[in-house]
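> Provided herewith: my_file.cif, mmCIF, C-alpha atoms.
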```cif
data_structure
loop_
_atom_site.group_PDB
_atom_site.id
_atom_site.type_symbol
_atom_site.label_atom_id
_atom_site.label_comp_id
_atom_site.auth_asym_id
_atom_site.auth_seq_id
_atom_site.Cartn_x
_atom_site.Cartn_y
_atom_site.Cartn_z
ATOM 1 C CA MET Y 1 13.622 19.830 -6.429
ATOM 2 C CA GLU Y 2 9.859 19.678 -5.959
ATOM 3 C CA GLU Y 3 8.644 17.196 -3.358
ATOM 4 C CA ALA Y 4 5.868 14.799 -4.387
ATOM 5 C CA GLU Y 5 2.505 15.224 -2.670
ATOM 6 C CA ARG Y 6 1.915 12.753 0.169
ATOM 7 C CA PHE Y 7 -1.137 10.538 -0.238
ATOM 8 C CA VAL Y 8 -0.764 7.834 2.430
ATOM 9 C CA HIS Y 9 -2.044 8.984 5.814
ATOM 10 C CA VAL Y 10 -2.550 6.129 8.270
ATOM 11 C CA PRO Y 11 -4.744 7.150 11.250
ATOM 12 C CA GLY Y 12 -2.076 6.032 13.737
ATOM 13 C CA LEU Y 13 -0.226 3.207 15.397
ATOM 14 C CA THR Y 14 -3.044 2.450 17.847
ATOM 15 C CA TYR Y 15 -5.586 2.243 15.010
ATOM 16 C CA VAL Y 16 -3.557 -0.281 12.995
ATOM 17 C CA LYS Y 17 -2.698 -2.399 16.039
ATOM 18 C CA ALA Y 18 -6.333 -2.453 17.251
ATOM 19 C CA ASN Y 19 -7.814 -3.242 13.840
ATOM 20 C CA LYS Y 20 -4.922 -5.490 12.731
ATOM 21 C CA SER Y 21 -4.755 -3.774 9.327
ATOM 22 C CA TYR Y 22 -5.296 -0.615 7.330
ATOM 23 C CA SER Y 23 -5.851 -0.429 3.590
ATOM 24 C CA GLY Y 24 -6.334 2.218 0.962
ATOM 25 C CA SER Y 25 -5.762 3.127 -2.666
ATOM 26 C CA HIS Y 26 -4.406 5.950 -4.780
ATOM 27 C CA GLU Y 27 -4.779 6.322 -8.551
ATOM 28 C CA GLY Y 28 -4.625 2.609 -9.331
ATOM 29 C CA LEU Y 29 -2.310 1.555 -6.490
ATOM 30 C CA ARG Y 30 -3.877 -0.465 -3.693
ATOM 31 C CA TYR Y 31 -2.110 -1.008 -0.394
ATOM 32 C CA ASN Y 32 -2.500 -2.799 2.915
ATOM 33 C CA ILE Y 33 -0.601 -2.440 6.192
ATOM 34 C CA ARG Y 34 -1.079 -5.451 8.479
ATOM 35 C CA ALA Y 35 0.063 -5.747 12.102
ATOM 36 C CA ALA Y 36 1.721 -9.130 12.655
ATOM 37 C CA GLU Y 37 4.100 -10.446 15.339
ATOM 38 C CA GLY Y 38 5.768 -7.155 16.282
ATOM 39 C CA GLN Y 39 6.043 -5.852 12.738
ATOM 40 C CA PHE Y 40 4.025 -4.309 9.947
ATOM 41 C CA VAL Y 41 3.706 -6.329 6.754
ATOM 42 C CA VAL Y 42 2.982 -3.955 3.891
ATOM 43 C CA CYS Y 43 1.762 -4.886 0.426
ATOM 44 C CA VAL Y 44 1.047 -2.891 -2.725
ATOM 45 C CA TRP Y 45 -0.686 -4.177 -5.868
ATOM 46 C CA PRO Y 46 -2.356 -2.675 -8.940
ATOM 47 C CA ASP Y 47 -6.060 -2.226 -9.633
ATOM 48 C CA PRO Y 48 -8.554 -3.588 -10.430
ATOM 49 C CA TRP Y 49 -8.692 -6.662 -8.179
ATOM 50 C CA CYS Y 50 -8.769 -7.082 -4.417
ATOM 51 C CA PHE Y 51 -5.764 -8.597 -2.624
ATOM 52 C CA GLU Y 52 -7.137 -12.147 -2.737
ATOM 53 C CA LYS Y 53 -7.876 -12.043 -6.492
ATOM 54 C CA THR Y 54 -4.570 -10.437 -7.522
ATOM 55 C CA ALA Y 55 -1.817 -12.730 -8.834
ATOM 56 C CA GLU Y 56 1.109 -13.080 -6.391
ATOM 57 C CA GLU Y 57 3.609 -11.810 -8.972
ATOM 58 C CA GLU Y 58 1.698 -8.503 -9.080
ATOM 59 C CA LYS Y 59 2.160 -7.914 -5.339
ATOM 60 C CA SER Y 60 5.150 -6.270 -3.651
ATOM 61 C CA PHE Y 61 5.811 -6.734 0.071
ATOM 62 C CA ALA Y 62 7.959 -5.061 2.732
ATOM 63 C CA GLU Y 63 8.237 -5.351 6.514
ATOM 64 C CA PHE Y 64 8.749 -2.611 9.087
ATOM 65 C CA PRO Y 65 9.025 -2.529 12.890
ATOM 66 C CA GLN Y 66 5.707 -2.167 14.683
ATOM 67 C CA SER Y 67 6.388 1.335 15.978
ATOM 68 C CA GLU Y 68 5.448 4.903 15.094
ATOM 69 C CA GLU Y 69 8.702 5.197 13.132
ATOM 70 C CA GLY Y 70 7.997 1.891 11.377
ATOM 71 C CA LEU Y 71 4.536 3.131 10.418
ATOM 72 C CA ARG Y 72 5.975 6.353 8.941
ATOM 73 C CA SER Y 73 8.522 4.232 7.025
ATOM 74 C CA ALA Y 74 5.695 2.026 5.713
ATOM 75 C CA GLU Y 75 3.820 5.099 4.461
ATOM 76 C CA ALA Y 76 6.976 6.372 2.751
ATOM 77 C CA TRP Y 77 7.636 2.944 1.157
ATOM 78 C CA ILE Y 78 4.129 2.833 -0.324
ATOM 79 C CA GLU Y 79 4.615 6.290 -1.817
ATOM 80 C CA GLN Y 80 8.058 5.295 -3.156
ATOM 81 C CA GLN Y 81 6.495 2.292 -4.887
ATOM 82 C CA TYR Y 82 3.963 4.558 -6.577
ATOM 83 C CA ASN Y 83 6.489 7.218 -7.601
ATOM 84 C CA ALA Y 84 9.018 4.668 -8.912
ATOM 85 C CA ASP Y 85 6.642 3.507 -11.668
ATOM 86 C CA PRO Y 86 3.497 5.675 -11.915
ATOM 87 C CA GLY Y 87 2.453 4.019 -15.199
ATOM 88 C CA ARG Y 88 2.060 0.662 -13.459
ATOM 89 C CA TRP Y 89 -0.653 2.073 -11.244
ATOM 90 C CA ARG Y 90 -2.721 3.693 -13.964
ATOM 91 C CA PRO Y 91 -6.336 2.935 -13.087
ATOM 92 C CA LYS Y 92 -7.662 0.137 -15.253
ATOM 93 C CA ASN Y 93 -11.126 -0.472 -16.541
ATOM 94 C CA PHE Y 94 -12.473 -3.867 -15.465
ATOM 95 C CA LEU Y 95 -13.405 -4.550 -19.090
ATOM 96 C CA ASP Y 96 -9.766 -4.099 -20.184
ATOM 97 C CA VAL Y 97 -8.488 -6.900 -17.956
#
```
I'd like the structure from this file rewritten - as structure tokens, please.

Amino acid sequence: MEEAERFVHVPGLTYVKANKSYSGSHEGLRYNIRAAEGQFVVCVWPDPWCFEKTAEEEKSFAEFPQSEEGLRSAEAWIEQQYNADPGRWRPKNFLDV
């Protein structure tokens, strides 16, 4: 079985803890990893809007321990969300919304 290409590469545990968050996007999927109270709160949502302008029902959340292992699990969860329904993340044109 062919393994899917990895696209989430967080700079590291120290980076996320120091900056309190890390965000990125991949082919229509937007994501954010936020350091909060000993855990990482991770969210994914579809283009085209920023987090604040996206409807809550469009967002998916998960929590992971604030550790190197938790960060790797957060990266894997984001990629699982994308691979579970690639059509949902199809980049949208702002005029189509």
> Of the candidates Y:Thr54, Y:Tyr22, Y:Pro86, Y:Gln66, which shows the shortest atom-to-atom distance to Glu37 in chain Y, using all atoms listed in the file?
Y:Gln66
> Written as a list in words, what is the full residue list that the PyMOL selection byres ((chain Y and resi 62) around 9) yields on the file shown?
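In the shown coordinates, the PyMOL selection byres ((chain Y and resi 62) around 9) covers Phe40, Val41, Val42, Cys43, Ser60, Phe61, Glu63, Phe64, Ala74 and Trp77 of chain Y.
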> Just say which residues the PyMOL selection byres ((chain Y and resi 27) around 9) picks in this file, as a list in words.
Ser25, His26, Gly28, Leu29, Arg30, Asp47, Pro86, Trp89, Arg90 and Pro91 of chain Y
> Using the file's own x, y and z axes, what box holds all listed atoms of range 49-57 of chain Y with 3 Å on each side, keeping edges along x, y and z, and what are its centre and edge lengths in Å to one decimal, as AutoDock Vina command-line options?

```
--center_x -2.6 --center_y -9.9 --center_z -5.8 --size_x 18.4 --size_y 12.4 --size_z 12.3
```
> CA of Arg88 in chain Y to CA of Pro65 in chain Y: how many Å, to one decimal?
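Between CA of Arg88 in chain Y and CA of Pro65 in chain Y the gap is 27.4 Å.
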> Measuring atom to atom with all atoms listed in the file, identify which of Y:Arg6, Y:Leu71, Y:Asp85, Y:Pro46 is nearest to Ser21 in chain Y.
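Using all atoms listed in the file, the shortest distance to Ser21 in chain Y belongs to Y:Leu71.
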> Of the residues Y:Glu57, Y:Glu75, Y:Glu5, Y:Glu69, which is the one nearest to Trp45 in chain Y, using only C-alpha atoms?
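Checking each candidate against Trp45 in chain Y, we get Y:Glu57 as the closest.
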> So that I can see what lies close to Ile78 in chain Y, please list as a ChimeraX atom specification the residues with an atom at most 8 Å from it, counting all atoms listed in the file and leaving out residues fewer than 3 positions away in the same chain.
/Y:8,31,44,74-75,81-82
> Write the residues you've just listed into a file as an mmCIF file, keeping the file's coordinate frame, and include C-alpha atoms for each of them.

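See again_32.cif below for the written result:
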```
data_model
loop_
_atom_site.group_PDB
_atom_site.id
_atom_site.type_symbol
_atom_site.label_atom_id
_atom_site.label_comp_id
_atom_site.auth_asym_id
_atom_site.auth_seq_id
_atom_site.Cartn_x
_atom_site.Cartn_y
_atom_site.Cartn_z
ATOM 1 C CA VAL Y 8 -0.764 7.834 2.430
ATOM 2 C CA TYR Y 31 -2.110 -1.008 -0.394
ATOM 3 C CA VAL Y 44 1.047 -2.891 -2.725
ATOM 4 C CA ALA Y 74 5.695 2.026 5.713
ATOM 5 C CA GLU Y 75 3.820 5.099 4.461
ATOM 6 C CA GLN Y 81 6.495 2.292 -4.887
ATOM 7 C CA TYR Y 82 3.963 4.558 -6.577
#
```
> For CA of Arg72 in chain Y and CA of Ile33 in chain Y, determine how far apart the two atoms are, in Å to one decimal place.
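Computing it gives 11.3 Å between the two atoms.
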> Mind pulling up the distance from CA of His9 in chain Y to CA of Ala84 in chain Y?
18.9 Å
> For each of Y:Ser23, Y:Gln39, Y:Asn32, Y:Asn83, take the minimum atom-to-atom distance to Ser67 in chain Y, counting only C-alpha atoms, then give the residue where this is smallest.
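Selected residue with least distance to Ser67 in chain Y: Y:Gln39.
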